[in-house]
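The structure file start09.cif is reproduced below (mmCIF, C-alpha atoms).
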data_final
loop_
_atom_site.label_atom_id
_atom_site.label_comp_id
_atom_site.auth_asym_id
_atom_site.auth_seq_id
_atom_site.Cartn_x
_atom_site.Cartn_y
_atom_site.Cartn_z
CA MET E 91 20.15 -15.77 -29.65
CA ALA E 92 16.44 -15.21 -29.34
CA ASP E 93 15.03 -11.72 -29.77
CA THR E 94 13.87 -9.84 -26.68
CA PRO E 95 10.67 -11.09 -25.00
CA GLU E 96 7.22 -9.58 -25.26
CA ILE E 97 5.71 -7.19 -22.70
CA GLU E 98 3.38 -9.91 -21.44
CA ALA E 99 6.30 -11.77 -19.87
CA GLY E 100 6.60 -11.42 -16.09
CA LEU E 101 9.97 -9.70 -15.83
CA PRO E 102 9.20 -6.89 -18.31
CA ARG E 103 5.95 -6.21 -16.45
CA LEU E 104 7.83 -5.82 -13.16
CA VAL E 105 10.41 -3.55 -14.79
CA ALA E 106 7.63 -1.48 -16.37
CA ALA E 107 6.03 -1.01 -12.95
CA ALA E 108 9.36 0.08 -11.44
CA LEU E 109 9.90 2.44 -14.36
CA ALA E 110 6.52 4.10 -13.84
CA ARG E 111 7.16 4.38 -10.09
CA ASP E 112 10.71 5.75 -10.16
CA ILE E 113 11.49 7.60 -13.40
CA ALA E 114 9.71 10.39 -15.26
CA PRO E 115 8.67 9.61 -18.85
CA ALA E 116 10.91 10.47 -21.81
CA THR E 117 14.16 10.60 -19.79
CA PRO E 118 17.27 8.81 -21.12
CA ILE E 119 18.39 5.64 -19.33
CA VAL E 120 21.73 3.86 -19.58
CA VAL E 121 22.00 0.22 -18.48
CA ALA E 122 25.19 -0.94 -16.76
CA LEU E 123 25.88 -3.98 -18.95
CA SER E 124 28.54 -6.43 -17.80
CA GLY E 125 27.34 -9.12 -20.19
CA GLY E 126 26.32 -11.35 -17.29
CA ARG E 127 22.94 -12.96 -16.92
CA ASP E 128 21.35 -10.29 -14.71
CA SER E 129 22.35 -7.25 -16.78
CA VAL E 130 21.40 -8.98 -20.04
CA ALA E 131 17.96 -9.78 -18.60
CA LEU E 132 17.52 -6.17 -17.46
CA LEU E 133 18.52 -4.79 -20.85
CA ALA E 134 16.15 -7.22 -22.56
CA ALA E 135 13.23 -6.14 -20.37
CA LEU E 136 13.96 -2.43 -20.71
CA ARG E 137 14.31 -2.72 -24.47
CA VAL E 138 10.70 -3.89 -24.51
CA VAL E 139 9.12 -1.47 -22.04
CA ALA E 140 11.16 1.75 -22.24
CA PRO E 141 10.03 2.97 -25.71
CA ALA E 142 6.37 3.00 -24.66
CA ARG E 143 7.17 5.78 -22.15
CA GLY E 144 9.44 7.70 -24.51
CA HIS E 145 12.73 6.68 -22.89
CA THR E 146 15.87 6.51 -25.01
CA LEU E 147 17.94 3.50 -24.01
CA SER E 148 21.68 2.90 -24.18
CA ALA E 149 24.15 0.54 -22.49
CA ALA E 150 27.49 1.12 -20.75
CA HIS E 151 30.18 -1.54 -20.36
CA VAL E 152 33.16 -1.20 -17.99
CA ASP E 153 36.26 -3.33 -18.59
CA HIS E 154 38.18 -3.72 -15.31
CA GLY E 155 41.08 -5.53 -16.96
CA LEU E 156 41.05 -8.15 -14.21
CA SER E 157 40.10 -11.22 -16.25
CA PRO E 158 41.75 -12.80 -19.30
CA ALA E 159 38.24 -12.98 -20.75
CA ALA E 160 37.59 -9.23 -20.41
CA GLY E 161 38.07 -8.60 -24.12
CA ALA E 162 35.63 -11.37 -24.99
CA TRP E 163 33.03 -9.90 -22.60
CA ARG E 164 33.34 -6.50 -24.23
CA ALA E 165 32.97 -8.05 -27.68
CA PHE E 166 29.90 -9.97 -26.50
CA CYS E 167 28.28 -6.75 -25.24
CA ALA E 168 29.06 -4.98 -28.50
CA ASP E 169 27.52 -7.81 -30.52
CA LEU E 170 24.44 -8.00 -28.28
CA CYS E 171 23.80 -4.27 -28.49
CA ALA E 172 24.29 -4.30 -32.26
CA ARG E 173 21.71 -7.09 -32.60
CA TRP E 174 19.26 -5.26 -30.34
CA ASP E 175 19.93 -1.83 -31.83
CA VAL E 176 20.99 -0.36 -28.48
CA PRO E 177 23.85 2.20 -28.49
CA LEU E 178 26.81 1.00 -26.44
CA VAL E 179 29.54 3.05 -24.76
CA ALA E 180 32.48 1.38 -23.06
CA ALA E 181 35.45 2.28 -20.88
CA GLN E 182 38.53 0.48 -19.63
CA VAL E 183 39.61 1.29 -16.09
CA THR E 184 42.61 0.68 -13.89
CA VAL E 185 41.72 -0.76 -10.51
CA ASP E 186 43.74 1.16 -7.91
CA ARG E 187 44.33 -0.65 -4.64
CA SER E 188 46.84 1.84 -3.26
CA ALA E 189 44.43 2.86 -0.50
CA GLY E 190 44.63 -0.66 0.93
CA THR E 191 41.04 -1.56 0.03
CA SER E 192 39.95 -5.01 -1.09
CA LEU E 193 39.97 -5.92 -4.77
CA GLU E 194 36.16 -5.94 -4.72
CA ALA E 195 35.95 -2.45 -3.23
CA ALA E 196 38.61 -1.00 -5.53
CA ALA E 197 36.93 -2.49 -8.61
CA ARG E 198 33.56 -1.18 -7.49
CA ARG E 199 34.96 2.32 -7.00
CA ALA E 200 36.53 2.29 -10.48
CA ARG E 201 33.36 0.88 -12.04
CA TYR E 202 31.02 3.50 -10.61
CA ALA E 203 33.36 6.34 -11.51
CA ALA E 204 33.46 5.06 -15.10
CA LEU E 205 29.67 4.67 -15.20
CA VAL E 206 29.26 8.33 -14.20
CA GLU E 207 31.50 9.37 -17.11
CA LEU E 208 29.74 7.05 -19.57
CA ALA E 209 26.29 8.25 -18.47
CA THR E 210 27.42 11.83 -19.01
CA ARG E 211 28.71 10.91 -22.45
CA VAL E 212 25.32 9.65 -23.61
CA GLY E 213 23.37 12.38 -21.80
CA ALA E 214 21.65 10.03 -19.33
CA ARG E 215 21.10 10.87 -15.67
CA HIS E 216 19.58 7.49 -14.77
CA VAL E 217 21.88 4.46 -14.58
CA ALA E 218 20.03 1.13 -14.38
CA LEU E 219 21.75 -1.55 -12.27
CA ALA E 220 20.75 -5.22 -12.29
CA HIS E 221 20.97 -5.94 -8.55
CA HIS E 222 18.18 -8.29 -7.47
CA ARG E 223 16.61 -9.66 -4.30
CA ASP E 224 19.36 -12.23 -3.66
CA ASP E 225 21.99 -9.52 -4.02
CA GLN E 226 20.04 -7.44 -1.52
CA ALA E 227 19.96 -10.27 1.02
CA GLU E 228 23.71 -10.84 0.61
CA THR E 229 24.34 -7.13 1.09
CA VAL E 230 22.37 -7.10 4.36
CA LEU E 231 24.45 -10.01 5.69
CA LEU E 232 27.69 -8.32 4.63
CA GLN E 233 26.59 -5.12 6.38
CA LEU E 234 25.83 -7.13 9.52
CA LEU E 235 29.39 -8.46 9.45
CA ARG E 236 30.59 -4.84 9.27
CA GLY E 237 28.51 -3.92 12.32
CA ALA E 238 26.46 -1.44 10.27
CA GLY E 239 23.55 0.58 11.62
CA PRO E 240 20.06 0.98 10.13
CA ARG E 241 21.21 2.79 6.98
CA GLY E 242 23.77 0.12 6.19
CA LEU E 243 21.27 -2.65 6.93
CA ALA E 244 18.80 -0.97 4.58
CA ALA E 245 21.30 -2.13 1.93
CA MET E 246 20.67 -0.94 -1.63
CA PRO E 247 17.87 1.55 -2.35
CA ALA E 248 15.69 1.04 -5.41
CA CYS E 249 16.50 4.55 -6.60
CA ARG E 250 18.95 7.09 -5.22
CA ASP E 251 20.35 10.37 -6.50
CA ASP E 252 23.95 11.02 -5.54
CA ALA E 253 25.74 14.31 -5.01
CA ARG E 254 26.87 14.34 -8.65
CA GLY E 255 23.28 14.34 -9.88
CA VAL E 256 23.38 10.73 -11.09
CA SER E 257 20.34 8.59 -10.32
CA TRP E 258 21.22 4.95 -9.55
CA TRP E 259 18.17 2.83 -10.32
CA ARG E 260 17.67 -0.83 -9.35
CA PRO E 261 14.37 -2.08 -10.80
CA LEU E 262 15.02 -5.79 -10.02
CA LEU E 263 15.32 -5.62 -6.22
CA ALA E 264 11.98 -7.40 -5.79
CA VAL E 265 13.01 -10.16 -8.24
CA GLY E 266 14.82 -13.31 -7.14
CA ARG E 267 17.76 -14.92 -8.91
CA SER E 268 15.68 -17.98 -9.75
CA GLU E 269 13.09 -15.81 -11.52
CA ILE E 270 15.81 -14.19 -13.62
CA ASP E 271 17.25 -17.62 -14.41
CA ALA E 272 13.84 -18.78 -15.60
CA PHE E 273 13.34 -15.64 -17.71
CA VAL E 274 16.72 -16.04 -19.39
CA HIS E 275 16.12 -19.74 -20.01
CA ASP E 276 12.60 -19.29 -21.38
CA HIS E 277 13.77 -16.66 -23.89
CA ALA E 278 17.10 -18.33 -24.75
CA LEU E 279 19.08 -15.23 -23.86
CA ALA E 280 22.84 -15.68 -24.15
CA PHE E 281 25.17 -14.19 -21.53
CA VAL E 282 28.74 -14.46 -20.32
CA ASP E 283 29.80 -16.04 -17.05
CA ASP E 284 32.40 -14.31 -14.85
CA GLU E 285 34.62 -17.04 -13.43
CA SER E 286 35.39 -14.88 -10.37
CA ASN E 287 31.80 -15.35 -9.17
CA ALA E 288 32.75 -18.84 -8.03
CA ARG E 289 35.80 -17.77 -5.99
CA ALA E 290 34.93 -18.11 -2.33
CA GLN E 291 37.84 -15.90 -1.23
CA HIS E 292 35.69 -12.91 -2.17
CA ARG E 293 33.47 -12.21 0.82
CA ARG E 294 30.25 -11.75 -1.17
CA ASN E 295 30.82 -15.04 -2.98
CA ALA E 296 31.44 -16.78 0.35
CA VAL E 297 28.10 -15.47 1.64
CA ARG E 298 26.39 -16.50 -1.61
CA HIS E 299 27.78 -20.04 -1.83
CA ARG E 300 28.31 -20.98 1.82
CA VAL E 301 25.96 -18.95 4.00
CA MET E 302 22.79 -18.47 1.96
CA PRO E 303 22.29 -22.22 1.23
CA VAL E 304 22.44 -22.92 4.98
CA LEU E 305 19.92 -20.17 5.70
CA ARG E 306 17.58 -21.44 2.98
CA ALA E 307 17.79 -24.92 4.49
CA ILE E 308 16.48 -23.40 7.73
CA ALA E 309 14.04 -20.93 6.10
CA PRO E 310 13.33 -21.58 2.39
CA ARG E 311 12.40 -17.94 1.75
CA ALA E 312 15.34 -16.51 3.66
CA ASP E 313 16.31 -14.10 0.88
CA THR E 314 12.78 -12.64 0.83
CA ALA E 315 12.71 -12.25 4.63
CA ILE E 316 16.13 -10.60 4.72
CA ALA E 317 15.19 -8.22 1.90
CA ARG E 318 12.00 -7.33 3.80
CA ALA E 319 14.11 -6.61 6.89
CA ALA E 320 16.16 -4.22 4.75
CA GLN E 321 12.96 -2.33 3.90
CA HIS E 322 12.17 -1.98 7.61
CA GLN E 323 15.67 -0.68 8.27
CA ALA E 324 15.24 1.85 5.46
CA GLU E 325 12.19 3.23 7.31
CA VAL E 326 14.20 3.49 10.52
CA ALA E 327 16.94 5.33 8.60
CA ARG E 328 14.38 7.80 7.23
CA LEU E 329 13.09 8.44 10.76
CA ALA E 330 16.68 9.13 11.88
CA ASP E 331 17.00 11.64 9.03
CA ASP E 332 13.78 13.34 10.14
CA LEU E 333 15.21 13.65 13.65
CA ALA E 334 18.47 15.08 12.27
CA ARG E 335 16.56 17.77 10.36
CA LEU E 336 14.75 18.72 13.57
CA ASP E 337 18.02 18.84 15.51
CA ALA E 338 19.57 21.02 12.78
CA GLY E 339 16.70 23.46 13.17
CA GLY E 340 16.11 23.48 9.44
CA ALA E 341 19.64 24.75 8.70
CA THR E 342 21.58 23.29 5.78
CA THR E 343 24.85 24.03 7.55
CA LEU E 344 26.13 22.44 10.75
CA ALA E 345 27.25 24.53 13.73
CA CYS E 346 29.76 23.14 16.19
CA ALA E 347 27.58 24.51 19.01
CA THR E 348 24.64 22.45 17.75
CA LEU E 349 26.67 19.27 17.98
CA ALA E 350 27.89 20.23 21.46
CA GLY E 351 24.35 20.83 22.69
CA LEU E 352 22.92 17.45 21.71
CA ALA E 353 22.91 14.15 23.50
CA PRO E 354 25.72 11.97 22.11
CA HIS E 355 23.49 9.62 20.14
CA ARG E 356 21.66 12.52 18.49
CA ALA E 357 24.91 14.36 17.77
CA ARG E 358 26.28 11.24 16.04
CA ASN E 359 23.08 10.94 14.03
CA LEU E 360 23.23 14.61 12.98
CA LEU E 361 26.88 14.36 11.95
CA ARG E 362 26.20 11.26 9.85
CA PHE E 363 23.27 13.08 8.24
CA GLN E 364 25.41 16.12 7.37
CA LEU E 365 28.11 13.92 5.87
CA ARG E 366 25.53 12.32 3.60
CA ARG E 367 24.28 15.76 2.54
CA TRP E 368 27.81 16.38 1.31
CA GLY E 369 27.78 13.05 -0.53
CA LEU E 370 30.15 11.42 1.97
CA PRO E 371 29.83 8.05 3.70
CA ALA E 372 29.61 7.66 7.45
CA PRO E 373 32.97 6.70 8.97
CA PRO E 374 33.44 3.68 11.25
CA THR E 375 32.13 4.09 14.80
CA ALA E 376 35.48 4.87 16.44
CA ARG E 377 36.39 7.34 13.71
CA LEU E 378 33.00 9.05 14.00
CA ALA E 379 33.50 9.44 17.76
CA THR E 380 36.90 11.06 17.23
CA MET E 381 35.49 13.37 14.57
CA LEU E 382 32.56 14.38 16.80
CA ALA E 383 34.86 15.11 19.75
CA GLN E 384 37.00 17.46 17.66
CA LEU E 385 34.09 19.25 15.98
CA SER E 386 31.86 19.73 19.03
CA THR E 387 34.67 21.37 21.02
CA ALA E 388 36.24 23.41 18.21
CA ALA E 389 36.62 27.17 18.60
CA GLY E 390 35.24 29.54 15.97
CA ASP E 391 38.15 29.26 13.53
CA ALA E 392 39.97 26.25 14.93
CA ARG E 393 42.55 24.60 12.70
CA VAL E 394 40.56 21.38 12.36
CA ALA E 395 41.51 19.22 9.38
CA ILE E 396 40.00 15.72 9.45
CA GLY E 397 40.63 13.66 6.34
CA HIS E 398 37.64 11.58 5.26
CA ALA E 399 36.71 9.80 2.00
CA GLY E 400 39.05 11.90 -0.11
CA VAL E 401 38.04 15.30 1.32
CA VAL E 402 38.80 17.28 4.50
CA ILE E 403 36.40 18.25 7.28
CA GLY E 404 37.20 21.67 8.76
CA VAL E 405 35.70 24.51 10.81
CA HIS E 406 35.16 28.15 9.86
CA ARG E 407 33.42 30.71 12.07
CA GLY E 408 31.94 27.99 14.23
CA GLU E 409 30.49 25.94 11.37
CA VAL E 410 31.56 22.57 10.02
CA HIS E 411 32.59 22.42 6.36
CA ALA E 412 33.78 19.77 3.93
CA HIS E 413 36.39 20.97 1.46
CA ALA E 414 38.97 19.78 -1.05
CA PRO E 415 42.35 18.45 0.13
CA PRO E 416 45.39 20.76 -0.20
CA PRO E 417 46.71 20.81 -3.77
CA PRO E 418 50.14 19.41 -4.62
CA PRO E 419 52.89 21.87 -5.63
CA TYR E 420 52.47 23.32 -9.12
CA GLU E 421 53.75 26.14 -11.31
CA VAL E 422 52.29 26.70 -14.77
CA THR E 423 52.78 29.29 -17.50
CA TRP E 424 49.91 30.88 -19.40
CA ARG E 425 50.41 30.76 -23.16
CA GLY E 426 47.25 32.53 -24.25
CA GLU E 427 44.80 29.64 -23.88
CA GLY E 428 41.27 30.25 -22.59
CA THR E 429 41.53 27.68 -19.80
CA LEU E 430 44.48 26.64 -17.66
CA VAL E 431 44.09 23.37 -15.76
CA LEU E 432 45.52 23.19 -12.24
CA PRO E 433 45.56 20.17 -9.90
CA HIS E 434 42.55 21.47 -7.94
CA GLY E 435 40.53 23.43 -10.52
CA THR E 436 40.75 25.62 -13.63
CA LEU E 437 41.62 29.21 -14.40
CA THR E 438 39.79 30.94 -17.24
CA PHE E 439 41.16 33.91 -19.14
CA ALA E 440 39.03 36.45 -21.05
CA ARG E 441 39.23 40.04 -22.30
CA ALA E 442 37.43 42.43 -19.96
CA PRO E 443 37.75 46.05 -18.72
CA GLY E 444 39.99 46.54 -15.71
CA GLY E 445 41.90 43.32 -16.29
CA ILE E 446 45.64 42.64 -16.43
CA ASP E 447 47.65 44.91 -18.74
CA LEU E 448 50.08 42.47 -20.36
CA SER E 449 52.28 45.34 -21.57
CA ARG E 450 53.20 46.16 -17.97
CA LEU E 451 54.59 42.70 -17.22
CA SER E 452 58.30 41.90 -17.18
CA GLY E 453 57.77 38.25 -18.00
CA PRO E 454 55.15 35.64 -18.97
CA LEU E 455 51.98 35.31 -16.92
CA GLY E 456 51.64 32.18 -14.83
CA ALA E 457 50.03 30.63 -11.76
CA ARG E 458 51.45 29.16 -8.57
CA PRO E 459 50.26 28.53 -4.99
CA ARG E 460 50.98 30.77 -2.03
CA ARG E 461 54.43 30.33 -0.52
CA GLY E 462 54.15 32.81 2.34
CA GLY E 463 55.31 36.38 2.61
CA GLU E 464 53.39 37.71 -0.46
CA ARG E 465 52.19 41.31 -0.33
CA PHE E 466 49.36 42.80 -2.34
CA ARG E 467 47.65 46.15 -2.97
CA LEU E 468 43.89 46.24 -3.42
CA ALA E 469 43.64 49.83 -4.73
CA PRO E 470 45.98 52.68 -5.74
CA ASP E 471 45.17 54.67 -2.59
CA ARG E 472 45.68 51.74 -0.22
CA PRO E 473 48.94 50.40 1.21
CA ARG E 474 50.55 47.14 0.18
CA ARG E 475 49.75 44.55 2.84
CA ALA E 476 50.47 40.92 3.61
CA LEU E 477 48.24 38.80 1.39
CA LYS E 478 47.58 36.40 4.26
CA ALA E 479 46.11 39.25 6.34
CA ILE E 480 44.03 40.57 3.44
CA LEU E 481 42.46 37.16 2.85
CA ARG E 482 41.84 36.61 6.55
CA ASP E 483 40.21 40.04 6.95
CA ALA E 484 38.02 39.30 3.92
CA GLY E 485 36.64 36.26 5.76
CA TRP E 486 38.16 33.55 3.58
CA PRO E 487 38.31 30.12 5.29
CA ALA E 488 41.83 28.87 5.99
CA TRP E 489 41.67 26.21 3.28
CA GLU E 490 40.61 28.73 0.62
CA ARG E 491 43.40 31.08 1.70
CA ALA E 492 45.87 28.21 1.29
CA SER E 493 44.56 26.94 -2.05
CA VAL E 494 43.83 30.09 -4.07
CA PRO E 495 46.16 30.23 -7.10
CA LEU E 496 48.27 33.38 -7.45
CA ILE E 497 48.65 35.02 -10.86
CA VAL E 498 52.27 36.01 -11.20
CA ALA E 499 54.82 37.32 -13.70
CA GLY E 500 58.27 36.32 -12.52
CA ASP E 501 58.52 37.41 -8.88
CA ALA E 502 55.67 39.93 -9.19
CA LEU E 503 52.24 39.12 -7.72
CA VAL E 504 49.93 40.43 -10.45
CA ALA E 505 46.46 39.30 -9.39
CA VAL E 506 44.57 37.15 -6.92
CA PRO E 507 41.34 35.58 -8.27
CA GLY E 508 38.48 36.70 -6.07
CA LEU E 509 40.36 39.80 -4.88
CA GLY E 510 41.39 41.59 -8.03
CA VAL E 511 44.39 42.89 -9.99
CA ASP E 512 47.22 44.81 -8.36
CA PRO E 513 46.82 48.44 -9.60
CA ALA E 514 50.42 48.40 -10.84
CA TYR E 515 49.42 45.84 -13.50
CA ALA E 516 45.77 46.75 -14.23
CA THR E 517 44.23 48.42 -17.25
CA PRO E 518 41.92 51.42 -16.68
CA ALA E 519 38.31 50.57 -15.84
CA ASP E 520 37.22 51.36 -19.43
CA VAL E 521 40.06 49.51 -21.21
CA ASP E 522 40.10 45.79 -21.91
CA GLY E 523 42.73 43.65 -20.25
CA VAL E 524 43.00 39.98 -19.30
CA ARG E 525 40.46 38.98 -16.64
CA VAL E 526 41.28 35.79 -14.72
CA GLN E 527 38.65 33.73 -12.86
CA TRP E 528 39.21 30.74 -10.57
CA HIS E 529 36.92 27.69 -10.72
CA PRO E 530 37.86 25.14 -8.02
CA TYR E 531 36.67 21.60 -8.58
CA ALA E 532 33.41 20.72 -6.85
CA LEU E 533 33.55 18.62 -3.70
CA THR E 534 32.25 15.61 -5.64
CA HIS E 535 35.48 15.64 -7.68
CA TRP E 536 37.38 14.47 -4.62
CA VAL E 537 34.93 12.03 -3.03
CA ALA E 538 36.36 8.51 -3.16
CA THR E 539 33.22 6.42 -2.65
CA PRO E 540 30.77 4.75 -5.05
CA PRO E 541 26.99 4.88 -4.54
#
Just give me the structure as structure tokens.
Amino acid sequence: MADTPEIEAGLPRLVAAALARDIAPATPIVVALSGGRDSVALLAALRVVAPARGHTLSAAHVDHGLSPAAGAWRAFCADLCARWDVPLVAAQVTVDRSAGTSLEAAARRARYAALVELATRVGARHVALAHHRDDQAETVLLQLLRGAGPRGLAAMPACRDDARGVSWWRPLLAVGRSEIDAFVHDHALAFVDDESNARAQHRRNAVRHRVMPVLRAIAPRADTAIARAAQHQAEVARLADDLARLDAGGATTLACATLAGLAPHRARNLLRFQLRRWGLPAPPTARLATMLAQLSTAAGDARVAIGHAGVVIGVHRGEVHAHAPPPPPYEVTWRGEGTLVLPHGTLTFARAPGGIDLSRLSGPLGARPRRGGERFRLAPDRPRRALKAILRDAGWPAWERASVPLIVAGDALVAVPGLGVDPAYATPADVDGVRVQWHPYALTHWVATPP
């Protein structure tokens, strides 16, 4: 295997220009390295140009377990990175198709989730992906077959931050497959070949092997023209976002009344925009229409619960919210640990004045969900009331009232995180007890879509 090429070569120069345009100096970058030709070429170019701007470089390999050669690919990546003195992190994933998605979509979801974890492990916010101009053209055609609008037809952005704070960076979008082939050949770079890339039953491969050759026979630079069309659609999508901000009146929240007061096409645009602000994809056209009909006519605290992309869209006090799905049943016992993991978040325990007095309990402390009928006292001079009414009067949204974990000892309701400790089980204000705090998982924990 030849060593990496010099900066004077064409591909490293293009990558260096993209690096200067998109990423601040001295920030860590992790390259998504499959071992294929494109990702090897990208790693080779970055290995040359990244140090000059103070970037630390690492690579991340995801083993999907779908090919008999997967182990050999992982070994190849490990050997390559050892030769090039690039730290490598790797993960093996299970591709879950229970949601009825295609193998391609399920593998992509698992891959991106693993890349987020691997990037976090090496302390990198920027993940470099080796998608190129031909990939971009194929993506536009696939989006056309889906009936996508301007944002879908804009295909893959060169750089995009997602709701988790990860920056997905594609420095090769202006580079054609033939240019990468020539670069790899000229520098004798070894790579592995995924046999699934030749299987026409995968839709992208069918477009690549059957459709693109026909288009190039009609227009030799079809991939360039289609990629340029994607850039135009990206501008249209940005204009639509500008209109949505105007329609929202500068608010970061979305009122049902605002949706109801807009023309249908602008209401659809605003709802799509708000979904993206939450890190959610736009639903199909029919599903979006159903969602809009429910939200624009909802009363102030209507029991709206629309499942979408792993989360739930609801309404509270006339505003649209995205929130976590209801947790499954659980019942856990606290054994003195600092953190207790629940299906939908974590409870932390610490010594603090006015906390739980363990000596007053008749059994071990634990956590469970609401079951209905619980009663709670907020202060010694106040009556015991239905917990449901207390939470409602405090202005908690319905989904938070349903999901808050209760701190119990046997049948006794000891504390409610966010409300306090029942006075019957509390230490005095100047005496340490056990203070419990609830940390629900962020919305991004539940979102089931890759970038």
Length of the atom CA of E:Val494 to atom CA of E:Trp528 vector [Å]: 8.0 Å
Distance query stretch 346-362 of chain E at most 9 Å, only C-alpha atoms, self and fewer than 6 positions along chain excluded, as an MDAnalysis selection string: chainID E and resid 330:331 333:335 337:338 370:373 378:379 382:383 385:390 405 408:410
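Distances from E:Gly155, E:Arg211, E:Leu496, E:Gly444 to E:Gly462 were compared using all atoms listed in the file, and the smallest one belongs to E:Leu496.
Residues lying at most 12 Å from (24.1, -2.3, 10.0) in file coordinates, with only C-alpha atoms considered, are Thr229, Val230, Leu231, Leu232, Gln233, Leu234, Leu235, Arg236, Gly237, Ala238, Gly239, Pro240, Arg241, Gly242, Leu243, Ala244, Ala245, Ala319, Ala320, Gln323, Ala324, Val326, Ala327, Ala372, Pro374 and Thr375 of chain E.
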Selection: 8 Å around E:Glu421, all atoms listed in the file, excl. self and same-chain fewer than 2 positions, as a ChimeraX atom specification: /E:419,423,456-459
Could you state which residues are captured by the PyMOL selection byres ((chain E and resi 397) around 10) in this file, as a CSV table (one decimal) with C-alpha atoms, keeping the file's coordinate frame?
chain,number,residue,atom,x,y,z
E,381,MET,CA,35.5,13.4,14.6
E,394,VAL,CA,40.6,21.4,12.4
E,395,ALA,CA,41.5,19.2,9.4
E,396,ILE,CA,40.0,15.7,9.4
E,398,HIS,CA,37.6,11.6,5.3
E,399,ALA,CA,36.7,9.8,2.0
E,400,GLY,CA,39.0,11.9,-0.1
E,401,VAL,CA,38.0,15.3,1.3
E,402,VAL,CA,38.8,17.3,4.5
E,403,ILE,CA,36.4,18.2,7.3
E,404,GLY,CA,37.2,21.7,8.8
E,412,ALA,CA,33.8,19.8,3.9
E,413,HIS,CA,36.4,21.0,1.5
E,414,ALA,CA,39.0,19.8,-1.0
E,415,PRO,CA,42.4,18.4,0.1
Residue among E:Arg450, E:His151, E:Arg254, E:His216 lying closest to E:Ala516, counting only C-alpha atoms: E:Arg450
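Using all atoms listed in the file, the smallest distance between any of E:Asp224, E:Glu325, E:Ile270, E:Pro417 and E:Ala135 comes from E:Ile270.
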Residue contacts of E:Ser124 (12 Å, all atoms listed in the file) excluding same-chain residues fewer than 4 positions away, as a PyMOL selection string: chain E and resi 128-133+149-154+160-168+170-171+178-181+201+205+218-221+281-284
Separation of atom CA of E:Ala315 from atom CA of E:Val105, in Å and rounded to one decimal: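 Separating atom CA of E:Ala315 from atom CA of E:Val105 is a distance of 21.4 Å.
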Atomic distance atom CA of E:Thr343 - atom CA of E:Ala484, expressed in Å with one decimal: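 According to the coordinates, atom CA of E:Thr343 and atom CA of E:Ala484 are separated by 20.5 Å.
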Spatial neighbours of E:His222, max dist 12 Å, only C-alpha atoms, sep filter under 6 positions, as a compact mmCIF listing (two decimals) with C-alpha atoms, in the frame of the given file:
# COMPACT_ATOMS: atom_id res chain seq x y z
CA LEU E 101 9.97 -9.70 -15.83
CA VAL E 105 10.41 -3.55 -14.79
CA ARG E 127 22.94 -12.96 -16.92
CA ASP E 128 21.35 -10.29 -14.71
CA SER E 129 22.35 -7.25 -16.78
CA ALA E 131 17.96 -9.78 -18.60
CA LEU E 132 17.52 -6.17 -17.46
CA GLU E 228 23.71 -10.84 0.61
CA THR E 229 24.34 -7.13 1.09
CA ALA E 245 21.30 -2.13 1.93
CA MET E 246 20.67 -0.94 -1.63
CA PRO E 247 17.87 1.55 -2.35
CA ALA E 248 15.69 1.04 -5.41
CA TRP E 259 18.17 2.83 -10.32
CA ARG E 260 17.67 -0.83 -9.35
CA PRO E 261 14.37 -2.08 -10.80
CA LEU E 262 15.02 -5.79 -10.02
CA LEU E 263 15.32 -5.62 -6.22
CA ALA E 264 11.98 -7.40 -5.79
CA VAL E 265 13.01 -10.16 -8.24
CA GLY E 266 14.82 -13.31 -7.14
CA ARG E 267 17.76 -14.92 -8.91
CA SER E 268 15.68 -17.98 -9.75
CA GLU E 269 13.09 -15.81 -11.52
CA ILE E 270 15.81 -14.19 -13.62
CA ASP E 271 17.25 -17.62 -14.41
CA ASP E 313 16.31 -14.10 0.88
CA THR E 314 12.78 -12.64 0.83
CA ALA E 317 15.19 -8.22 1.90
